[in-house]
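Enquirer: Structure in structure tokens, see below.
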Amino acid sequence: MTTLHATSTFNVEATLNQWLQDGLAALTRPAWLPAYTLVFNEPESTLSPPAFGIVHHPAGHDSVWMGNNPGVLAAGEIEITIIVARGPNANAQLKAMQSMVENVAAGETAMTIQDYLTAPSSPTPTTYQVTLGDLEIRESSPALNLDLLQRRLTLRYSWVLRSA
């Protein structure tokens with residue numbers, strides 16, 4: 001058993017990754033939208049369009065007290081990059097994939113953190129939650145590869161990181 005607390009950043013990011021993966025998979029994509037790939041921790045992984053690239057960025061920590069226990073209010077941001085190949089349906093594909101992410105995010109404001117440290121293949125729920133902020137569309141510079149179009153979305157999240 002790990003000595004890291006169930007509210008570790010590892011568990012929070014793994015919980016959010018699984019939530020996104022499950023939420024996107026549950027949606028029926030339009031027939032004209034090719035099968036997409038979902039890549040975590042891009043840019044280490046290669047993206048083949050159409051694709052969702054998911055990266056977590058730490059956003060800071062503030063000390064808090066929960067009862068008599070010290071904790072840290074931790075925050076992060078998921079960056080979701082949508083990439084499609086240029087072509088006749090490229091803008092429609094980009095907007096459809098953006099709508100898929102919006103649909104998944106619209107249904108949640110908080111979720112239970114799962115314990116992936118103890119059992120990565122079958123995590124169990126903890127008694128702690130991660131709170132989701134608003135989904136935002138970010139200005140994005142053109143893709144380095146001119147054969148691609150991309151859009152960036154971000155979703156802020158926070159949770160109380162505990163040590164005991």
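In the structure tokens, the first chain shown is A, the next is B, and so on; residue numbers restart at 1 for each chain, and ligands run from 1 in the order shown.
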Applying 12 Å and only C-alpha atoms, which residues near Gln98 of chain A remain after dropping the ones on its own chain fewer than 2 positions away? List them as a ChimeraX atom specification.
Expert: /A:24,29,50-52,80-84,91-96,100-105,135-138,150-154
Enquirer: Write to file, as a compact mmCIF listing (two decimals), in the first residue's frame, the residues of the selection just made, with C-alpha atoms.
Expert:
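out-v5.txt, freshly written:
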# COMPACT_ATOMS: atom_id res chain seq x y z
CA LEU A 24 -16.20 10.98 -24.81
CA ARG A 29 -20.11 10.76 -32.95
CA PRO A 50 -8.57 13.67 -35.57
CA ALA A 51 -7.35 13.63 -31.99
CA PHE A 52 -7.82 14.96 -28.49
CA ILE A 80 -7.55 19.74 -24.24
CA THR A 81 -6.15 20.27 -27.72
CA ILE A 82 -8.36 19.20 -30.60
CA ILE A 83 -6.52 18.49 -33.85
CA VAL A 84 -8.06 17.70 -37.24
CA ASN A 91 -14.17 23.02 -39.47
CA ALA A 92 -17.19 20.81 -38.91
CA GLN A 93 -14.97 18.13 -37.33
CA LEU A 94 -13.31 20.74 -35.08
CA LYS A 95 -16.65 22.09 -33.90
CA ALA A 96 -18.17 18.63 -33.43
CA MET A 100 -18.25 16.57 -27.49
CA VAL A 101 -15.94 18.02 -24.83
CA GLU A 102 -18.53 20.66 -23.90
CA ASN A 103 -21.15 17.94 -23.52
CA VAL A 104 -18.94 15.91 -21.17
CA ALA A 105 -17.94 18.96 -19.10
CA LEU A 135 -14.64 25.04 -19.63
CA GLU A 136 -12.99 27.80 -21.64
CA ILE A 137 -12.02 28.12 -25.28
CA ARG A 138 -8.49 29.53 -25.53
CA GLN A 150 -6.38 22.92 -33.86
CA ARG A 151 -8.44 24.33 -31.01
CA ARG A 152 -7.52 24.58 -27.32
CA LEU A 153 -9.97 24.18 -24.46
CA THR A 154 -9.08 24.43 -20.78
Enquirer: Assign secondary structure with DSSP using the backbone only, and return the residues of chain A in strand (DSSP E or B) as a VMD selection string.
Expert: chain A and resid 37 to 40 51 to 66 69 to 85 110 to 115 124 to 138 148 to 162
Enquirer: Need to verify the contact set: Trp19 of chain A, 12 Å, only C-alpha atoms, exclusion of same-chain residues closer than 5 positions in sequence. Can you return it as a short mmCIF file (atom, residue, chain, number, x, y, z; two decimals) with C-alpha atoms, in the first residue's frame?
Expert:
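The new file out-v7.cif reads:
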data_model
loop_
_atom_site.label_atom_id
_atom_site.label_comp_id
_atom_site.auth_asym_id
_atom_site.auth_seq_id
_atom_site.Cartn_x
_atom_site.Cartn_y
_atom_site.Cartn_z
CA VAL A 12 -6.66 13.45 -9.23
CA GLU A 13 -5.17 13.52 -12.74
CA ALA A 14 -5.89 9.83 -13.34
CA LEU A 24 -16.20 10.98 -24.81
CA ALA A 25 -16.62 7.25 -25.46
CA ALA A 26 -20.25 7.40 -24.29
CA VAL A 101 -15.94 18.02 -24.83
CA VAL A 104 -18.94 15.91 -21.17
CA ALA A 105 -17.94 18.96 -19.10
CA GLY A 107 -22.60 17.30 -16.83
CA GLU A 108 -20.15 17.64 -13.93
CA ALA A 110 -17.42 17.76 -8.92
CA MET A 111 -16.44 14.11 -8.80
CA THR A 112 -15.07 11.59 -6.36
CA ILE A 113 -11.31 11.07 -6.53
CA GLN A 114 -10.48 7.44 -7.38
CA VAL A 130 -12.19 17.30 -7.04
CA LEU A 132 -14.42 21.42 -11.69
#
